[in-house]
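Here is the structure we will look at, set down as structure tokens.
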Amino acid sequence: MAKVVGGFQDPSAEVLAEAAAVFGLLASSARLHIMWALSQGESDVTHLADRVGGALPAVSQHLAKLKLAGLVRSRREGRRQIYYVDDSDIVTVVRVMVGQLTARDTSSVPAGRLREAGV
């Protein structure tokens, strides 16, 4: 039976495992950058590679993983494949996390501190 604390019920083990898998995918700075770019609007792989500074094959592989996980979708437009995020909740999570870290005063939380903590 799930524990209820402060009016909130703990999620099931399955939900926690799925959330951990999504966060695991987003633990790659390249994939997170791609998700950030796609949270601003749809794009093809060439423009994404230019924007995130990645090689075209590497960005394509990252997109394939994100698509397989259901975080990204695509549609064909002529010869181009257009990628987009179809889940507003994922867009919100990415925007909030990146936005909060961007807004932080870098002197109060050094960039390496999260990495040192084993994150």
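Naming works like this for the structure tokens: A, B, ... for the chains as they're shown, residue 1 at the start of each chain, ligands 1 onward in shown order.
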
Proximity check range 15-71 of chain A to range 75-87 of chain A, 12 Å, nearest pairs one decimal Å, only C-alpha atoms, as CSV:
residue,atom,partner,partner_atom,distance
A:Ile34,CA,A:Tyr84,CA,10.1
A:Met35,CA,A:Val85,CA,7.7
A:Trp36,CA,A:Val85,CA,9.8
A:Ala37,CA,A:Tyr84,CA,9.4
A:Leu38,CA,A:Tyr84,CA,5.7
A:Ser39,CA,A:Val85,CA,6.5
A:Gln40,CA,A:Tyr84,CA,9.3
A:Gly41,CA,A:Tyr84,CA,6.8
A:Glu42,CA,A:Tyr84,CA,4.5
A:Ser43,CA,A:Ile82,CA,5.4
A:Asp44,CA,A:Ile82,CA,4.5
A:Val45,CA,A:Gln81,CA,7.4
A:Thr46,CA,A:Arg80,CA,9.3
A:His47,CA,A:Ile82,CA,10.1
A:Leu48,CA,A:Tyr83,CA,9.2
A:Val59,CA,A:Tyr83,CA,11.6
A:Ser60,CA,A:Tyr83,CA,10.5
A:His62,CA,A:Tyr83,CA,11.7
A:Leu63,CA,A:Tyr83,CA,8.2
A:Ala64,CA,A:Tyr83,CA,10.3
A:Leu66,CA,A:Val85,CA,9.7
A:Lys67,CA,A:Tyr83,CA,8.9
A:Ala69,CA,A:Val85,CA,11.7
A:Gly70,CA,A:Val85,CA,9.0
A:Leu71,CA,A:Val85,CA,6.4

Restricted to N, CA, C and O atoms, what would the selected residues look like written as an mmCIF file, in the first residue's frame?
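As written to disk, selection15.cif reads:
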data_model
loop_
_atom_site.group_PDB
_atom_site.id
_atom_site.type_symbol
_atom_site.label_atom_id
_atom_site.label_comp_id
_atom_site.auth_asym_id
_atom_site.auth_seq_id
_atom_site.Cartn_x
_atom_site.Cartn_y
_atom_site.Cartn_z
ATOM 1 N N ILE A 34 19.191 19.496 -26.837
ATOM 2 C CA ILE A 34 18.238 19.225 -27.921
ATOM 3 C C ILE A 34 16.810 19.445 -27.427
ATOM 4 O O ILE A 34 15.999 20.093 -28.097
ATOM 5 N N MET A 35 16.500 18.921 -26.247
ATOM 6 C CA MET A 35 15.157 19.106 -25.692
ATOM 7 C C MET A 35 14.878 20.584 -25.427
ATOM 8 O O MET A 35 13.772 21.061 -25.654
ATOM 9 N N TRP A 36 15.892 21.316 -24.946
ATOM 10 C CA TRP A 36 15.725 22.753 -24.722
ATOM 11 C C TRP A 36 15.403 23.446 -26.039
ATOM 12 O O TRP A 36 14.472 24.247 -26.125
ATOM 13 N N ALA A 37 16.164 23.125 -27.075
ATOM 14 C CA ALA A 37 15.938 23.737 -28.387
ATOM 15 C C ALA A 37 14.544 23.397 -28.906
ATOM 16 O O ALA A 37 13.828 24.274 -29.408
ATOM 17 N N LEU A 38 14.139 22.134 -28.765
ATOM 18 C CA LEU A 38 12.821 21.730 -29.251
ATOM 19 C C LEU A 38 11.693 22.299 -28.389
ATOM 20 O O LEU A 38 10.566 22.436 -28.865
ATOM 21 N N SER A 39 11.986 22.642 -27.143
ATOM 22 C CA SER A 39 10.950 23.266 -26.311
ATOM 23 C C SER A 39 10.656 24.685 -26.795
ATOM 24 O O SER A 39 9.615 25.254 -26.474
ATOM 25 N N GLN A 40 11.572 25.243 -27.587
ATOM 26 C CA GLN A 40 11.378 26.577 -28.155
ATOM 27 C C GLN A 40 10.631 26.515 -29.486
ATOM 28 O O GLN A 40 10.136 27.531 -29.962
ATOM 29 N N GLY A 41 10.592 25.319 -30.102
ATOM 30 C CA GLY A 41 9.899 25.157 -31.380
ATOM 31 C C GLY A 41 10.473 23.998 -32.166
ATOM 32 O O GLY A 41 11.581 23.535 -31.904
ATOM 33 N N GLU A 42 9.735 23.545 -33.126
ATOM 34 C CA GLU A 42 10.146 22.386 -33.916
ATOM 35 C C GLU A 42 11.338 22.712 -34.813
ATOM 36 O O GLU A 42 11.606 23.880 -35.104
ATOM 37 N N SER A 43 12.033 21.650 -35.238
ATOM 38 C CA SER A 43 13.237 21.840 -36.038
ATOM 39 C C SER A 43 13.596 20.550 -36.759
ATOM 40 O O SER A 43 13.219 19.457 -36.325
ATOM 41 N N ASP A 44 14.373 20.683 -37.830
ATOM 42 C CA ASP A 44 14.921 19.489 -38.472
ATOM 43 C C ASP A 44 16.300 19.219 -37.871
ATOM 44 O O ASP A 44 16.848 20.026 -37.119
ATOM 45 N N VAL A 45 16.864 18.055 -38.194
ATOM 46 C CA VAL A 45 18.108 17.624 -37.571
ATOM 47 C C VAL A 45 19.275 18.538 -37.946
ATOM 48 O O VAL A 45 20.163 18.787 -37.127
ATOM 49 N N THR A 46 19.284 19.069 -39.157
ATOM 50 C CA THR A 46 20.378 19.944 -39.578
ATOM 51 C C THR A 46 20.420 21.212 -38.741
ATOM 52 O O THR A 46 21.480 21.617 -38.246
ATOM 53 N N HIS A 47 19.267 21.845 -38.560
ATOM 54 C CA HIS A 47 19.217 23.062 -37.744
ATOM 55 C C HIS A 47 19.513 22.756 -36.272
ATOM 56 O O HIS A 47 20.157 23.556 -35.595
ATOM 57 N N LEU A 48 19.047 21.614 -35.790
ATOM 58 C CA LEU A 48 19.350 21.236 -34.408
ATOM 59 C C LEU A 48 20.845 21.035 -34.216
ATOM 60 O O LEU A 48 21.413 21.489 -33.226
ATOM 61 N N VAL A 59 23.624 13.940 -33.346
ATOM 62 C CA VAL A 59 22.319 14.540 -33.044
ATOM 63 C C VAL A 59 21.204 13.607 -33.505
ATOM 64 O O VAL A 59 20.208 13.422 -32.807
ATOM 65 N N SER A 60 21.384 12.983 -34.663
ATOM 66 C CA SER A 60 20.389 12.013 -35.159
ATOM 67 C C SER A 60 20.223 10.858 -34.189
ATOM 68 O O SER A 60 19.100 10.413 -33.927
ATOM 69 N N HIS A 62 20.853 10.907 -30.912
ATOM 70 C CA HIS A 62 20.170 11.422 -29.722
ATOM 71 C C HIS A 62 18.671 11.553 -29.976
ATOM 72 O O HIS A 62 17.853 11.175 -29.136
ATOM 73 N N LEU A 63 18.312 12.066 -31.145
ATOM 74 C CA LEU A 63 16.895 12.204 -31.490
ATOM 75 C C LEU A 63 16.209 10.847 -31.552
ATOM 76 O O LEU A 63 15.062 10.707 -31.119
ATOM 77 N N ALA A 64 16.904 9.845 -32.080
ATOM 78 C CA ALA A 64 16.327 8.498 -32.157
ATOM 79 C C ALA A 64 16.024 7.967 -30.758
ATOM 80 O O ALA A 64 14.963 7.372 -30.529
ATOM 81 N N LEU A 66 15.515 9.788 -27.990
ATOM 82 C CA LEU A 66 14.428 10.593 -27.422
ATOM 83 C C LEU A 66 13.082 10.213 -28.031
ATOM 84 O O LEU A 66 12.065 10.172 -27.339
ATOM 85 N N LYS A 67 13.099 9.899 -29.320
ATOM 86 C CA LYS A 67 11.870 9.493 -30.007
ATOM 87 C C LYS A 67 11.409 8.126 -29.520
ATOM 88 O O LYS A 67 10.221 7.916 -29.250
ATOM 89 N N ALA A 69 11.882 6.851 -26.670
ATOM 90 C CA ALA A 69 11.369 7.013 -25.307
ATOM 91 C C ALA A 69 10.045 7.771 -25.277
ATOM 92 O O ALA A 69 9.421 7.891 -24.225
ATOM 93 N N GLY A 70 9.621 8.311 -26.415
ATOM 94 C CA GLY A 70 8.359 9.036 -26.471
ATOM 95 C C GLY A 70 8.449 10.485 -26.048
ATOM 96 O O GLY A 70 7.425 11.142 -25.850
ATOM 97 N N LEU A 71 9.674 11.009 -25.912
ATOM 98 C CA LEU A 71 9.832 12.401 -25.509
ATOM 99 C C LEU A 71 9.771 13.348 -26.699
ATOM 100 O O LEU A 71 9.470 14.530 -26.544
#

Using the chain letters and numbers from this document, which residues of chain A does DSSP assign to helix (DSSP H, G or I), as a short mmCIF file (atom, residue, chain, number, x, y, z; two decimals) with N, CA, C and O atoms, in the first residue's frame?
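Output saved as result-v8.cif:
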data_model
loop_
_atom_site.label_atom_id
_atom_site.label_comp_id
_atom_site.auth_asym_id
_atom_site.auth_seq_id
_atom_site.Cartn_x
_atom_site.Cartn_y
_atom_site.Cartn_z
N ALA A 13 6.19 2.09 -7.69
CA ALA A 13 7.56 1.77 -8.10
C ALA A 13 7.71 1.89 -9.61
O ALA A 13 8.75 2.32 -10.11
N GLU A 14 6.66 1.51 -10.34
CA GLU A 14 6.71 1.59 -11.80
C GLU A 14 6.81 3.04 -12.28
O GLU A 14 7.56 3.35 -13.19
N VAL A 15 6.05 3.92 -11.67
CA VAL A 15 6.08 5.34 -12.04
C VAL A 15 7.45 5.93 -11.71
O VAL A 15 8.02 6.67 -12.51
N LEU A 16 7.98 5.60 -10.55
CA LEU A 16 9.31 6.09 -10.18
C LEU A 16 10.38 5.58 -11.14
O LEU A 16 11.29 6.34 -11.52
N ALA A 17 10.28 4.32 -11.54
CA ALA A 17 11.25 3.76 -12.49
C ALA A 17 11.17 4.46 -13.84
O ALA A 17 12.19 4.76 -14.47
N GLU A 18 9.95 4.75 -14.29
CA GLU A 18 9.78 5.44 -15.57
C GLU A 18 10.32 6.87 -15.49
O GLU A 18 11.00 7.34 -16.41
N ALA A 19 10.06 7.55 -14.39
CA ALA A 19 10.57 8.92 -14.21
C ALA A 19 12.10 8.92 -14.18
O ALA A 19 12.74 9.77 -14.80
N ALA A 20 12.68 7.93 -13.49
CA ALA A 20 14.14 7.83 -13.43
C ALA A 20 14.72 7.59 -14.82
O ALA A 20 15.77 8.15 -15.17
N ALA A 21 14.04 6.80 -15.63
CA ALA A 21 14.50 6.54 -17.00
C ALA A 21 14.47 7.82 -17.83
O ALA A 21 15.41 8.10 -18.59
N VAL A 22 13.42 8.60 -17.69
CA VAL A 22 13.32 9.87 -18.43
C VAL A 22 14.43 10.82 -17.97
O VAL A 22 15.13 11.42 -18.79
N PHE A 23 14.60 10.95 -16.65
CA PHE A 23 15.67 11.82 -16.15
C PHE A 23 17.03 11.30 -16.58
O PHE A 23 17.94 12.08 -16.84
N GLY A 24 17.18 9.98 -16.67
CA GLY A 24 18.43 9.40 -17.16
C GLY A 24 18.72 9.82 -18.59
O GLY A 24 19.85 10.15 -18.93
N LEU A 25 17.69 9.81 -19.44
CA LEU A 25 17.87 10.27 -20.81
C LEU A 25 18.26 11.74 -20.85
O LEU A 25 19.09 12.16 -21.66
N LEU A 26 17.67 12.53 -19.99
CA LEU A 26 17.95 13.96 -19.96
C LEU A 26 19.23 14.29 -19.21
O LEU A 26 19.64 15.45 -19.17
N SER A 29 23.99 16.09 -21.42
CA SER A 29 23.86 17.52 -21.72
C SER A 29 23.50 17.74 -23.19
O SER A 29 22.77 18.69 -23.51
N ALA A 30 23.94 16.87 -24.07
CA ALA A 30 23.59 17.00 -25.50
C ALA A 30 22.09 16.79 -25.69
O ALA A 30 21.43 17.58 -26.39
N ARG A 31 21.53 15.74 -25.08
CA ARG A 31 20.09 15.49 -25.22
C ARG A 31 19.27 16.58 -24.54
O ARG A 31 18.23 16.99 -25.05
N LEU A 32 19.75 17.06 -23.40
CA LEU A 32 19.04 18.14 -22.72
C LEU A 32 19.05 19.41 -23.58
O LEU A 32 18.04 20.10 -23.68
N HIS A 33 20.17 19.68 -24.23
CA HIS A 33 20.25 20.85 -25.12
C HIS A 33 19.27 20.69 -26.28
O HIS A 33 18.59 21.64 -26.66
N ILE A 34 19.19 19.50 -26.84
CA ILE A 34 18.24 19.23 -27.92
C ILE A 34 16.81 19.44 -27.43
O ILE A 34 16.00 20.09 -28.10
N MET A 35 16.50 18.92 -26.25
CA MET A 35 15.16 19.11 -25.69
C MET A 35 14.88 20.58 -25.43
O MET A 35 13.77 21.06 -25.65
N TRP A 36 15.89 21.32 -24.95
CA TRP A 36 15.72 22.75 -24.72
C TRP A 36 15.40 23.45 -26.04
O TRP A 36 14.47 24.25 -26.12
N ALA A 37 16.16 23.12 -27.07
CA ALA A 37 15.94 23.74 -28.39
C ALA A 37 14.54 23.40 -28.91
O ALA A 37 13.83 24.27 -29.41
N LEU A 38 14.14 22.13 -28.77
CA LEU A 38 12.82 21.73 -29.25
C LEU A 38 11.69 22.30 -28.39
O LEU A 38 10.57 22.44 -28.87
N SER A 39 11.99 22.64 -27.14
CA SER A 39 10.95 23.27 -26.31
C SER A 39 10.66 24.69 -26.80
O SER A 39 9.62 25.25 -26.47
N GLN A 40 11.57 25.24 -27.59
CA GLN A 40 11.38 26.58 -28.16
C GLN A 40 10.63 26.52 -29.49
O GLN A 40 10.14 27.53 -29.96
N VAL A 45 16.86 18.05 -38.19
CA VAL A 45 18.11 17.62 -37.57
C VAL A 45 19.28 18.54 -37.95
O VAL A 45 20.16 18.79 -37.13
N THR A 46 19.28 19.07 -39.16
CA THR A 46 20.38 19.94 -39.58
C THR A 46 20.42 21.21 -38.74
O THR A 46 21.48 21.62 -38.25
N HIS A 47 19.27 21.84 -38.56
CA HIS A 47 19.22 23.06 -37.74
C HIS A 47 19.51 22.76 -36.27
O HIS A 47 20.16 23.56 -35.59
N LEU A 48 19.05 21.61 -35.79
CA LEU A 48 19.35 21.24 -34.41
C LEU A 48 20.84 21.04 -34.22
O LEU A 48 21.41 21.49 -33.23
N ALA A 49 21.49 20.34 -35.16
CA ALA A 49 22.93 20.11 -35.06
C ALA A 49 23.68 21.44 -35.04
O ALA A 49 24.62 21.61 -34.25
N ASP A 50 23.28 22.37 -35.89
CA ASP A 50 23.90 23.69 -35.89
C ASP A 50 23.69 24.40 -34.57
O ASP A 50 24.61 25.00 -34.01
N ARG A 51 22.48 24.33 -34.06
CA ARG A 51 22.14 25.06 -32.83
C ARG A 51 22.87 24.50 -31.62
O ARG A 51 23.36 25.26 -30.79
N VAL A 52 22.92 23.18 -31.49
CA VAL A 52 23.54 22.58 -30.30
C VAL A 52 25.02 22.32 -30.48
O VAL A 52 25.70 21.89 -29.54
N LEU A 56 26.06 15.98 -37.06
CA LEU A 56 24.77 15.52 -37.57
C LEU A 56 24.46 14.07 -37.17
O LEU A 56 23.36 13.81 -36.66
N PRO A 57 25.40 13.13 -37.34
CA PRO A 57 25.09 11.74 -36.94
C PRO A 57 24.81 11.59 -35.44
O PRO A 57 23.93 10.84 -35.03
N ALA A 58 25.55 12.33 -34.62
CA ALA A 58 25.35 12.25 -33.17
C ALA A 58 24.00 12.81 -32.77
O ALA A 58 23.28 12.21 -31.95
N VAL A 59 23.62 13.94 -33.35
CA VAL A 59 22.32 14.54 -33.04
C VAL A 59 21.20 13.61 -33.51
O VAL A 59 20.21 13.42 -32.81
N SER A 60 21.38 12.98 -34.66
CA SER A 60 20.39 12.01 -35.16
C SER A 60 20.22 10.86 -34.19
O SER A 60 19.10 10.41 -33.93
N GLN A 61 21.33 10.36 -33.63
CA GLN A 61 21.25 9.26 -32.66
C GLN A 61 20.54 9.70 -31.38
O GLN A 61 19.73 8.96 -30.82
N HIS A 62 20.85 10.91 -30.91
CA HIS A 62 20.17 11.42 -29.72
C HIS A 62 18.67 11.55 -29.98
O HIS A 62 17.85 11.18 -29.14
N LEU A 63 18.31 12.07 -31.15
CA LEU A 63 16.89 12.20 -31.49
C LEU A 63 16.21 10.85 -31.55
O LEU A 63 15.06 10.71 -31.12
N ALA A 64 16.90 9.85 -32.08
CA ALA A 64 16.33 8.50 -32.16
C ALA A 64 16.02 7.97 -30.76
O ALA A 64 14.96 7.37 -30.53
N LYS A 65 16.93 8.19 -29.81
CA LYS A 65 16.71 7.73 -28.43
C LYS A 65 15.55 8.48 -27.78
O LYS A 65 14.71 7.89 -27.11
N LEU A 66 15.51 9.79 -27.99
CA LEU A 66 14.43 10.59 -27.42
C LEU A 66 13.08 10.21 -28.03
O LEU A 66 12.07 10.17 -27.34
N LYS A 67 13.10 9.90 -29.32
CA LYS A 67 11.87 9.49 -30.01
C LYS A 67 11.41 8.13 -29.52
O LYS A 67 10.22 7.92 -29.25
N LEU A 68 12.34 7.21 -29.37
CA LEU A 68 12.02 5.87 -28.88
C LEU A 68 11.41 5.93 -27.48
O LEU A 68 10.50 5.17 -27.16
N SER A 88 3.47 18.93 -23.33
CA SER A 88 3.70 20.23 -22.68
C SER A 88 4.31 20.07 -21.29
O SER A 88 5.02 20.96 -20.82
N ASP A 89 4.05 18.95 -20.63
CA ASP A 89 4.63 18.73 -19.30
C ASP A 89 6.15 18.55 -19.39
O ASP A 89 6.89 19.07 -18.53
N ILE A 90 6.63 17.85 -20.41
CA ILE A 90 8.07 17.67 -20.59
C ILE A 90 8.71 19.02 -20.91
O ILE A 90 9.77 19.36 -20.39
N VAL A 91 8.05 19.80 -21.75
CA VAL A 91 8.54 21.15 -22.07
C VAL A 91 8.66 21.96 -20.79
O VAL A 91 9.66 22.64 -20.55
N THR A 92 7.66 21.89 -19.93
CA THR A 92 7.67 22.63 -18.67
C THR A 92 8.82 22.20 -17.78
O THR A 92 9.54 23.04 -17.22
N VAL A 93 9.02 20.88 -17.64
CA VAL A 93 10.11 20.37 -16.81
C VAL A 93 11.46 20.88 -17.31
O VAL A 93 12.29 21.37 -16.53
N VAL A 94 11.68 20.78 -18.61
CA VAL A 94 12.96 21.23 -19.18
C VAL A 94 13.13 22.73 -18.99
O VAL A 94 14.19 23.19 -18.55
N ARG A 95 12.11 23.49 -19.30
CA ARG A 95 12.20 24.95 -19.17
C ARG A 95 12.42 25.38 -17.72
O ARG A 95 13.22 26.29 -17.44
N VAL A 96 11.72 24.75 -16.79
CA VAL A 96 11.87 25.12 -15.38
C VAL A 96 13.28 24.79 -14.89
O VAL A 96 13.94 25.63 -14.27
N MET A 97 13.75 23.58 -15.17
CA MET A 97 15.07 23.17 -14.68
C MET A 97 16.17 24.06 -15.27
O MET A 97 16.99 24.61 -14.55
N VAL A 98 16.18 24.21 -16.58
CA VAL A 98 17.22 25.01 -17.22
C VAL A 98 17.07 26.48 -16.82
O VAL A 98 18.06 27.14 -16.52
N GLY A 99 15.85 26.96 -16.77
CA GLY A 99 15.62 28.34 -16.38
C GLY A 99 16.07 28.64 -14.97
O GLY A 99 16.70 29.66 -14.70
N GLN A 100 15.78 27.75 -14.04
CA GLN A 100 16.18 27.95 -12.64
C GLN A 100 17.70 27.95 -12.51
O GLN A 100 18.26 28.77 -11.79
N LEU A 101 18.35 27.02 -13.18
CA LEU A 101 19.81 26.96 -13.08
C LEU A 101 20.47 28.15 -13.77
O LEU A 101 21.50 28.64 -13.31
N THR A 102 19.85 28.63 -14.83
CA THR A 102 20.38 29.81 -15.52
C THR A 102 20.23 31.05 -14.66
O THR A 102 21.12 31.90 -14.61
N ALA A 103 19.12 31.14 -13.94
CA ALA A 103 18.84 32.32 -13.13
C ALA A 103 19.63 32.37 -11.83
O ALA A 103 19.78 33.44 -11.23
N ALA A 111 29.17 25.68 -10.58
CA ALA A 111 28.68 24.70 -11.56
C ALA A 111 29.10 23.29 -11.23
O ALA A 111 28.36 22.35 -11.44
N GLY A 112 30.29 23.12 -10.71
CA GLY A 112 30.79 21.78 -10.43
C GLY A 112 30.23 21.16 -9.17
O GLY A 112 30.42 19.98 -8.91
N ARG A 113 29.53 21.93 -8.37
CA ARG A 113 29.04 21.42 -7.09
C ARG A 113 28.05 20.27 -7.26
O ARG A 113 28.12 19.29 -6.52
N LEU A 114 27.16 20.36 -8.24
CA LEU A 114 26.22 19.26 -8.47
C LEU A 114 26.98 18.02 -8.92
O LEU A 114 26.67 16.91 -8.50
N ARG A 115 27.97 18.20 -9.80
CA ARG A 115 28.74 17.04 -10.27
C ARG A 115 29.52 16.42 -9.11
O ARG A 115 29.62 15.21 -9.01
N GLU A 116 30.08 17.26 -8.24
CA GLU A 116 30.83 16.75 -7.08
C GLU A 116 29.94 15.96 -6.14
O GLU A 116 30.39 15.06 -5.46
#

Would you list, as a VMD selection string, the residues of chain A that end up in strand (DSSP E) under DSSP run on this structure's backbone? chain A and resid 4 to 5 8 to 9 43 to 44 73 to 77 80 to 84
